[in-house]
Amino acid sequence: MTSDLRQTAAVLIAIALLLASARLAPAENLPCLLPPGQSTIDVRDPSRLPRLPIPDIPPPATAFRPESELPDRYLSLDEAIRIALANSQVVRVLAGVTAVSSGRTLYDAAIVNNQVDEQQSRFDPTLQIDHGWNRRETPGFAFDDQLNQWLLDGSRRDDYLLDLGLSKIMVSGGTARLGVLANPLRDRPGVRQTPSSFDLSYTQPLLRGGGWAVNRVPIVLARIDAERSYFQLKDSVQELVRGVIEGYWSLVAARADVWARERQVEQAQFALDRAQAALEVRIADASAAAQARVSLLNFRSSLVTAENAVLDREAALRNVLGLPPMDAQRLVPISPPTTERGNFAWPMLLELAEQQRPDLIELKLVLEADQQFLLLVRNEAYPQLDAVGRYRWNGLEGTMPDGTNLQSLPGQFADWTLGVNFSVPLGLRRGRASLRSQELVIARDRANLQQGLHAATHQLALTFRSLDRSWVQYDLAKQTRDAARLNLNLQIENYLAGRVQFINALLAINDWGNAIGSEAQYLSSYNIELANLERQVGTILETHGVRFYEERFCTLGPLGELGRGREFPASLSPAENTPRYPEGQRPAEEIFDLRNPVERLDRYGPVPEPIPPPSRQAPPVPQ
């Protein structure tokens, strides 16, 4: 066996032994050769995770702890919208008696907008520099004539390599390159020489990959994506403003309902006190007192429900505003709801919805993006045809062993190339299939856009009908409230005079309280539907004076922090939105003419002490 074969066999045996040991040995004993597999789930203790600061807020108000002694914080609707916008880094939307994240943040559009720079970077010039020092010592055999034998000899070469290139992709799809190469070297023994070259080349696609519009498709798509992200953010902010308005008016209606339930309790308490007094002097039987007690307890139960509804509505408003669930103040709305019936032109609403609705704008942008993809797919179906041009000047200088210097003249040795490269898959089946698919995608986008407009018109029509229905119901509820007020006064007068039974007064009290609650509910619904109409049209931000502004991120400029003030300047701070709603000096629910219908109860004699309400202290916590 020769020496080479012995060396080869030894290497193969060593590799075989290494593989066998890797298969037999445990994985943990060979951390460098065979890392162990992840066969278990590593779960850290929650205490080792980063901690969040716990907000210092008091416990929320409940039916047992109404916190009625807290000072009032008068809040207008315009101020509520400003607070919500200022606390909307994560945009929240109202969902019943709570608020949830919309999934959109103020950073989304800015993140997507950076893709434009990423796509434009394809056309940035690229500078490449390669340089290094090298030494090569190559062994070899040489025959010495004087010694008449073979000797082991070698040669050494020292060189330095500098390869500098500047290349750029043009918007037309062509690639230009400028290159400089210098390679000084010295042989020992031998000559010192410096080969060099200057290279200028340009390649321009004529069919596939060529054209200004095609090469800008990725940039256009990135800008369309940034627009889509912006309108998605705008859509969520529109829902935020609409949710603030709904939560505000719902709180107004709930507070008005509480006032009506409190008056019901007062009237039922007076009726019970009178029935008990009559029972004590034996001018009435116990049935009237029993009926009055049952009615009082039912009214108190309704009052607790109404008070809890106020707490829920205030908590929902606080949630959507970005405020804690409880602080040292109670929110009291002071912007009165509008009672004027709106008159809207249906054709104008349709035209505004087609232009301003963010969902329709997003469908339009999807169609525009797919049309850009069509340009790209159509270009990919073309054959490859490139025009190539290149010029290179080769230079050489050096010093011979005898000290002679040799140097080539500029342009003495030059290479040049002119030509075309062509390639095409026979049949172009893949390109034609992709083109057909993209044309069908565009047809689908147009159909989705028409369906979006169709759905928008139906949603707008539903809101249009609900708006008129809410106002008509409010107008009827207002008339019902006036009639119930008159009926309650008459029934109380007759009951106190002994002309009717208490059941008639009870029904009148119940009808009057329900009329107050219905009037407040329908007027609040009408004002909410006004906001819904603006939301369906897509102009709710514009009508409330809300505009987006850009706060640019300075550290991402070309000069970083050193370019502050010159690159990516910071914007001015945003101003407040334009006031739209009138601000009152009293709680907003007083617009419903909240006056006690029975104004002279004391003329029938002194009113006895009322029965104390049930305790609202929290039950003791079990140990």
# chains A, B, ... in the order shown; residues from 1 in each chain; ligands from 1

call {"tool": "closest_atom_pairs", "arguments": {"of": "range 339-423 of chain A", "to": "range 439-447 of chain A", "cutoff": "10 Å", "atoms": "only C-alpha atoms", "output": "JSON lines"}}
result
{"residue": "A:Leu363", "atom": "CA", "partner": "A:Asp445", "partner_atom": "CA", "distance": 7.4}
{"residue": "A:Lys364", "atom": "CA", "partner": "A:Asp445", "partner_atom": "CA", "distance": 8.3}
{"residue": "A:Leu365", "atom": "CA", "partner": "A:Asp445", "partner_atom": "CA", "distance": 9.9}
{"residue": "A:Val366", "atom": "CA", "partner": "A:Asp445", "partner_atom": "CA", "distance": 7.2}
{"residue": "A:Leu367", "atom": "CA", "partner": "A:Asp445", "partner_atom": "CA", "distance": 5.5}
{"residue": "A:Glu368", "atom": "CA", "partner": "A:Ile442", "partner_atom": "CA", "distance": 8.9}
{"residue": "A:Ala369", "atom": "CA", "partner": "A:Ile442", "partner_atom": "CA", "distance": 9.4}
{"residue": "A:Asp370", "atom": "CA", "partner": "A:Ile442", "partner_atom": "CA", "distance": 6.2}
{"residue": "A:Gln371", "atom": "CA", "partner": "A:Ile442", "partner_atom": "CA", "distance": 6.8}
{"residue": "A:Phe373", "atom": "CA", "partner": "A:Ile442", "partner_atom": "CA", "distance": 9.5}
{"residue": "A:Leu374", "atom": "CA", "partner": "A:Glu439", "partner_atom": "CA", "distance": 7.1}
{"residue": "A:Val377", "atom": "CA", "partner": "A:Glu439", "partner_atom": "CA", "distance": 9.7}
{"residue": "A:Arg378", "atom": "CA", "partner": "A:Glu439", "partner_atom": "CA", "distance": 10.0}

call {"tool": "residues_around", "arguments": {"residues": "Val320 in chain A", "least_positions_apart": "2", "cutoff": "12 Å", "atoms": "only C-alpha atoms", "output": "ChimeraX atom specification"}}
result
/A:80-88,90-102,237,239-248,313-318,322-325

call {"tool": "write_last_selection", "arguments": {"atoms": "N, CA and C atoms", "output": "compact mmCIF listing (two decimals), in the first residue's frame"}}
result
# COMPACT_ATOMS: atom_id res chain seq x y z
N ALA A 80 -64.18 65.30 26.18
CA ALA A 80 -64.09 63.83 26.22
C ALA A 80 -63.41 63.29 24.97
N ILE A 81 -63.73 63.84 23.81
CA ILE A 81 -63.09 63.40 22.57
C ILE A 81 -61.60 63.72 22.60
N ARG A 82 -61.23 64.89 23.13
CA ARG A 82 -59.82 65.24 23.21
C ARG A 82 -59.07 64.29 24.14
N ILE A 83 -59.68 63.95 25.26
CA ILE A 83 -59.03 63.03 26.20
C ILE A 83 -58.83 61.66 25.54
N ALA A 84 -59.84 61.18 24.83
CA ALA A 84 -59.73 59.87 24.18
C ALA A 84 -58.64 59.87 23.13
N LEU A 85 -58.54 60.94 22.35
CA LEU A 85 -57.52 61.00 21.31
C LEU A 85 -56.13 61.10 21.92
N ALA A 86 -56.00 61.80 23.04
CA ALA A 86 -54.69 61.92 23.67
C ALA A 86 -54.23 60.61 24.31
N ASN A 87 -55.16 59.73 24.65
CA ASN A 87 -54.82 58.46 25.30
C ASN A 87 -55.00 57.27 24.37
N SER A 88 -54.80 57.47 23.08
CA SER A 88 -55.13 56.42 22.11
C SER A 88 -53.90 55.92 21.37
N VAL A 90 -52.90 52.96 21.73
CA VAL A 90 -53.63 51.77 21.29
C VAL A 90 -55.09 52.19 21.20
N VAL A 91 -55.64 52.14 20.00
CA VAL A 91 -56.98 52.68 19.77
C VAL A 91 -58.01 51.71 20.35
N ARG A 92 -58.88 52.25 21.20
CA ARG A 92 -59.94 51.45 21.82
C ARG A 92 -61.29 51.77 21.18
N VAL A 93 -62.17 50.80 21.21
CA VAL A 93 -63.52 50.99 20.70
C VAL A 93 -64.50 50.52 21.76
N LEU A 94 -65.66 51.14 21.76
CA LEU A 94 -66.69 50.81 22.75
C LEU A 94 -67.36 49.50 22.37
N ALA A 95 -67.57 48.65 23.38
CA ALA A 95 -68.24 47.36 23.17
C ALA A 95 -69.20 47.14 24.33
N GLY A 96 -70.42 47.67 24.21
CA GLY A 96 -71.40 47.53 25.27
C GLY A 96 -71.04 48.42 26.44
N VAL A 97 -70.83 47.80 27.61
CA VAL A 97 -70.48 48.55 28.81
C VAL A 97 -68.98 48.43 29.10
N THR A 98 -68.20 48.15 28.09
CA THR A 98 -66.76 48.11 28.23
C THR A 98 -66.13 48.61 26.94
N ALA A 99 -64.83 48.65 26.91
CA ALA A 99 -64.09 49.05 25.71
C ALA A 99 -62.99 48.03 25.48
N VAL A 100 -62.72 47.74 24.22
CA VAL A 100 -61.72 46.75 23.85
C VAL A 100 -60.76 47.37 22.85
N SER A 101 -59.62 46.74 22.71
CA SER A 101 -58.64 47.23 21.74
C SER A 101 -59.11 46.92 20.32
N SER A 102 -58.92 47.88 19.45
CA SER A 102 -59.28 47.68 18.04
C SER A 102 -58.23 46.90 17.28
N VAL A 237 -59.92 55.04 14.45
CA VAL A 237 -60.08 56.29 15.19
C VAL A 237 -61.50 56.82 15.02
N GLU A 239 -64.13 54.97 14.73
CA GLU A 239 -64.93 54.17 15.66
C GLU A 239 -64.68 54.58 17.10
N LEU A 240 -63.45 55.01 17.41
CA LEU A 240 -63.16 55.52 18.75
C LEU A 240 -64.00 56.76 19.05
N VAL A 241 -64.03 57.72 18.12
CA VAL A 241 -64.80 58.94 18.35
C VAL A 241 -66.29 58.61 18.46
N ARG A 242 -66.76 57.73 17.58
CA ARG A 242 -68.17 57.34 17.67
C ARG A 242 -68.47 56.66 19.01
N GLY A 243 -67.55 55.82 19.49
CA GLY A 243 -67.75 55.17 20.78
C GLY A 243 -67.76 56.15 21.93
N VAL A 244 -66.92 57.20 21.86
CA VAL A 244 -66.94 58.22 22.90
C VAL A 244 -68.29 58.92 22.93
N ILE A 245 -68.81 59.24 21.75
CA ILE A 245 -70.11 59.92 21.68
C ILE A 245 -71.22 59.02 22.22
N GLU A 246 -71.19 57.75 21.83
CA GLU A 246 -72.22 56.83 22.33
C GLU A 246 -72.12 56.66 23.85
N GLY A 247 -70.90 56.49 24.37
CA GLY A 247 -70.75 56.35 25.82
C GLY A 247 -71.18 57.59 26.56
N TYR A 248 -70.93 58.76 25.98
CA TYR A 248 -71.30 60.02 26.63
C TYR A 248 -72.82 60.15 26.73
N ARG A 313 -72.09 52.71 32.85
CA ARG A 313 -71.90 53.63 31.72
C ARG A 313 -70.71 54.56 31.97
N GLU A 314 -70.56 55.00 33.20
CA GLU A 314 -69.39 55.84 33.49
C GLU A 314 -68.10 55.05 33.35
N ALA A 315 -68.12 53.78 33.81
CA ALA A 315 -66.92 52.94 33.65
C ALA A 315 -66.60 52.72 32.18
N ALA A 316 -67.64 52.49 31.36
CA ALA A 316 -67.40 52.30 29.92
C ALA A 316 -66.82 53.56 29.30
N LEU A 317 -67.35 54.73 29.69
CA LEU A 317 -66.81 55.98 29.17
C LEU A 317 -65.37 56.18 29.63
N ARG A 318 -65.09 55.87 30.88
CA ARG A 318 -63.72 55.98 31.36
C ARG A 318 -62.79 55.05 30.59
N GLY A 322 -59.56 56.12 28.13
CA GLY A 322 -58.23 55.81 28.62
C GLY A 322 -57.98 56.24 30.05
N LEU A 323 -59.06 56.46 30.82
CA LEU A 323 -58.95 56.85 32.21
C LEU A 323 -59.05 55.62 33.11
N PRO A 324 -58.56 55.70 34.35
CA PRO A 324 -58.69 54.55 35.26
C PRO A 324 -60.16 54.31 35.60
N PRO A 325 -60.51 53.11 36.04
CA PRO A 325 -61.91 52.82 36.35
C PRO A 325 -62.46 53.65 37.50

call {"tool": "residues_around", "arguments": {"residues": "His458 in chain A", "least_positions_apart": "6", "cutoff": "12 Å", "atoms": "only C-alpha atoms", "output": "list in words"}}
result
Leu350, Ala353, Gln451, Gly452, Phe464, Arg465, Gln536 and Val537 of chain A

call {"tool": "write_last_selection", "arguments": {"atoms": "N, CA and C atoms", "output": "mmCIF file, in the first residue's frame"}}
result
data_model
loop_
_atom_site.group_PDB
_atom_site.id
_atom_site.type_symbol
_atom_site.label_atom_id
_atom_site.label_comp_id
_atom_site.auth_asym_id
_atom_site.auth_seq_id
_atom_site.Cartn_x
_atom_site.Cartn_y
_atom_site.Cartn_z
ATOM 1 N N LEU A 350 -74.787 59.498 -0.066
ATOM 2 C CA LEU A 350 -74.200 58.425 -0.875
ATOM 3 C C LEU A 350 -72.891 58.863 -1.502
ATOM 4 N N ALA A 353 -70.185 58.995 1.184
ATOM 5 C CA ALA A 353 -69.787 57.650 1.601
ATOM 6 C C ALA A 353 -68.871 57.006 0.570
ATOM 7 N N GLN A 451 -69.462 45.222 -4.295
ATOM 8 C CA GLN A 451 -70.177 44.680 -3.146
ATOM 9 C C GLN A 451 -69.980 45.567 -1.920
ATOM 10 N N GLY A 452 -68.792 46.119 -1.742
ATOM 11 C CA GLY A 452 -68.562 47.023 -0.628
ATOM 12 C C GLY A 452 -69.446 48.258 -0.707
ATOM 13 N N PHE A 464 -80.030 55.704 8.333
ATOM 14 C CA PHE A 464 -80.939 56.791 7.947
ATOM 15 C C PHE A 464 -82.327 56.552 8.525
ATOM 16 N N ARG A 465 -82.812 55.303 8.433
ATOM 17 C CA ARG A 465 -84.119 54.969 8.998
ATOM 18 C C ARG A 465 -84.092 55.037 10.519
ATOM 19 N N GLN A 536 -70.981 56.219 9.207
ATOM 20 C CA GLN A 536 -71.269 55.481 7.991
ATOM 21 C C GLN A 536 -70.850 56.269 6.754
ATOM 22 N N VAL A 537 -70.961 57.583 6.819
ATOM 23 C CA VAL A 537 -70.539 58.415 5.686
ATOM 24 C C VAL A 537 -69.020 58.505 5.629
#

call {"tool": "select_by_dssp", "arguments": {"residues": "range 375-436 of chain A", "states": "strand (DSSP E or B)", "output": "PyMOL selection string"}}
result
chain A and resi 384-399+405-407+413-423

call {"tool": "closest_residue", "arguments": {"among": "A:Gly584, A:Gly403, A:Gly395, A:Gly211", "to": "Ala182 in chain A", "atoms": "only C-alpha atoms"}}
result
A:Gly395

call {"tool": "residues_around", "arguments": {"residues": "Ser423 in chain A", "least_positions_apart": "2", "cutoff": "8 Å", "atoms": "only C-alpha atoms", "output": "VMD selection string"}}
result
chain A and resid 383 to 385 421 425

call {"tool": "closest_atom_pairs", "arguments": {"of": "range 113-169 of chain A", "to": "range 192-209 of chain A", "cutoff": "12 Å", "atoms": "only C-alpha atoms", "output": "tab-separated table"}}
result
residue	atom	partner	partner_atom	distance
A:Arg157	CA	A:Arg192	CA	9.9
A:Asp158	CA	A:Arg192	CA	9.6
A:Asp159	CA	A:Thr194	CA	9.1
A:Tyr160	CA	A:Thr194	CA	9.4
A:Leu161	CA	A:Ser196	CA	9.9
A:Leu162	CA	A:Ser196	CA	9.4
A:Asp163	CA	A:Ser196	CA	9.6
A:Leu164	CA	A:Phe198	CA	9.8
A:Gly165	CA	A:Asp199	CA	8.9
A:Leu166	CA	A:Leu200	CA	9.8
A:Ser167	CA	A:Ser201	CA	9.4
A:Lys168	CA	A:Tyr202	CA	9.7
A:Ile169	CA	A:Thr203	CA	9.6

call {"tool": "write_last_selection", "arguments": {"atoms": "C-alpha atoms", "output": "PDB file, in the first residue's frame"}}
result
ATOM      1  CA  ARG A 157       4.880  35.437  -3.829  1.00  0.00           C
ATOM      2  CA  ASP A 158       3.824  38.553  -1.903  1.00  0.00           C
ATOM      3  CA  ASP A 159       0.951  40.581  -3.316  1.00  0.00           C
ATOM      4  CA  TYR A 160      -1.639  43.166  -2.406  1.00  0.00           C
ATOM      5  CA  LEU A 161      -5.151  43.139  -3.909  1.00  0.00           C
ATOM      6  CA  LEU A 162      -7.391  46.203  -4.227  1.00  0.00           C
ATOM      7  CA  ASP A 163     -10.741  45.659  -5.937  1.00  0.00           C
ATOM      8  CA  LEU A 164     -12.979  48.725  -5.860  1.00  0.00           C
ATOM      9  CA  GLY A 165     -16.399  48.719  -7.476  1.00  0.00           C
ATOM     10  CA  LEU A 166     -19.297  51.162  -7.632  1.00  0.00           C
ATOM     11  CA  SER A 167     -22.556  49.821  -9.030  1.00  0.00           C
ATOM     12  CA  LYS A 168     -26.085  51.144  -9.307  1.00  0.00           C
ATOM     13  CA  ILE A 169     -29.394  49.754 -10.500  1.00  0.00           C
TER      14      ILE A 169
END

call {"tool": "residues_around", "arguments": {"residues": "Gln267 in chain A", "least_positions_apart": "3", "cutoff": "9 Å", "atoms": "only C-alpha atoms", "output": "PyMOL selection string"}}
result
chain A and resi 262-264+270-272+296+509+598

call {"tool": "closest_residue", "arguments": {"among": "A:Leu462, A:Leu396, A:Ile224, A:Leu303", "to": "Pro184 in chain A", "atoms": "only C-alpha atoms"}}
result
A:Leu396

call {"tool": "atom_distance", "arguments": {"atom1": "CA of Thr338 in chain A", "atom2": "CA of Asn527 in chain A"}}
result
6.8 Å

call {"tool": "select_by_dssp", "arguments": {"residues": "range 189-279 of chain A", "states": "alpha helix (DSSP H)", "output": "count of residues only"}}
result
67

call {"tool": "residues_around", "arguments": {"residues": "range 228-234 of chain A", "least_positions_apart": "5", "cutoff": "8 Å", "atoms": "only C-alpha atoms", "output": "VMD selection string"}}
result
chain A and resid 104 to 106 108 to 109 112 358 to 359 361 to 362 365

call {"tool": "write_last_selection", "arguments": {"atoms": "N, CA, C and O atoms", "output": "PDB file, in the first residue's frame"}}
result
ATOM      1  N   ARG A 104     -55.422  48.253  16.466  1.00  0.00           N
ATOM      2  CA  ARG A 104     -54.647  49.274  15.755  1.00  0.00           C
ATOM      3  C   ARG A 104     -53.940  50.162  16.766  1.00  0.00           C
ATOM      4  O   ARG A 104     -54.488  50.471  17.830  1.00  0.00           O
ATOM      5  N   THR A 105     -52.739  50.563  16.418  1.00  0.00           N
ATOM      6  CA  THR A 105     -51.973  51.491  17.238  1.00  0.00           C
ATOM      7  C   THR A 105     -51.508  52.647  16.368  1.00  0.00           C
ATOM      8  O   THR A 105     -51.549  52.576  15.128  1.00  0.00           O
ATOM      9  N   LEU A 106     -51.029  53.694  17.015  1.00  0.00           N
ATOM     10  CA  LEU A 106     -50.540  54.853  16.280  1.00  0.00           C
ATOM     11  C   LEU A 106     -49.231  54.565  15.562  1.00  0.00           C
ATOM     12  O   LEU A 106     -48.794  55.359  14.734  1.00  0.00           O
ATOM     13  N   ASP A 108     -48.619  51.744  13.719  1.00  0.00           N
ATOM     14  CA  ASP A 108     -48.756  50.816  12.599  1.00  0.00           C
ATOM     15  C   ASP A 108     -48.453  51.489  11.266  1.00  0.00           C
ATOM     16  O   ASP A 108     -47.688  50.966  10.443  1.00  0.00           O
ATOM     17  N   ALA A 109     -49.068  52.645  11.023  1.00  0.00           N
ATOM     18  CA  ALA A 109     -48.860  53.315   9.735  1.00  0.00           C
ATOM     19  C   ALA A 109     -47.412  53.729   9.562  1.00  0.00           C
ATOM     20  O   ALA A 109     -46.855  53.641   8.458  1.00  0.00           O
ATOM     21  N   VAL A 112     -45.341  50.612   8.615  1.00  0.00           N
ATOM     22  CA  VAL A 112     -45.542  50.210   7.218  1.00  0.00           C
ATOM     23  C   VAL A 112     -44.927  51.233   6.274  1.00  0.00           C
ATOM     24  O   VAL A 112     -44.407  50.875   5.212  1.00  0.00           O
ATOM     25  N   PRO A 358     -63.508  54.742   4.909  1.00  0.00           N
ATOM     26  CA  PRO A 358     -62.198  54.093   4.853  1.00  0.00           C
ATOM     27  C   PRO A 358     -62.242  52.673   4.295  1.00  0.00           C
ATOM     28  O   PRO A 358     -61.288  52.242   3.639  1.00  0.00           O
ATOM     29  N   ASP A 359     -63.338  51.926   4.545  1.00  0.00           N
ATOM     30  CA  ASP A 359     -63.381  50.563   4.020  1.00  0.00           C
ATOM     31  C   ASP A 359     -63.469  50.552   2.498  1.00  0.00           C
ATOM     32  O   ASP A 359     -62.841  49.712   1.834  1.00  0.00           O
ATOM     33  N   ILE A 361     -62.300  52.984   0.586  1.00  0.00           N
ATOM     34  CA  ILE A 361     -60.988  53.452   0.125  1.00  0.00           C
ATOM     35  C   ILE A 361     -59.991  52.309   0.152  1.00  0.00           C
ATOM     36  O   ILE A 361     -59.163  52.159  -0.767  1.00  0.00           O
ATOM     37  N   GLU A 362     -60.049  51.462   1.166  1.00  0.00           N
ATOM     38  CA  GLU A 362     -59.128  50.325   1.231  1.00  0.00           C
ATOM     39  C   GLU A 362     -59.367  49.355   0.079  1.00  0.00           C
ATOM     40  O   GLU A 362     -58.425  48.818  -0.500  1.00  0.00           O
ATOM     41  N   LEU A 365     -57.765  50.775  -2.903  1.00  0.00           N
ATOM     42  CA  LEU A 365     -56.315  50.614  -2.853  1.00  0.00           C
ATOM     43  C   LEU A 365     -55.907  49.171  -3.153  1.00  0.00           C
ATOM     44  O   LEU A 365     -54.865  48.932  -3.772  1.00  0.00           O
TER      45      LEU A 365
END

call {"tool": "atom_distance", "arguments": {"atom1": "CA of Glu227 in chain A", "atom2": "CA of Pro347 in chain A"}}
result
27.3 Å

call {"tool": "residues_around", "arguments": {"residues": "Thr539 in chain A", "least_positions_apart": "6", "cutoff": "8 Å", "atoms": "only C-alpha atoms", "output": "ChimeraX atom specification"}}
result
/A:352,356-357

call {"tool": "atom_distance", "arguments": {"atom1": "CA of Gly179 in chain A", "atom2": "CA of Thr417 in chain A"}}
result
15.5 Å
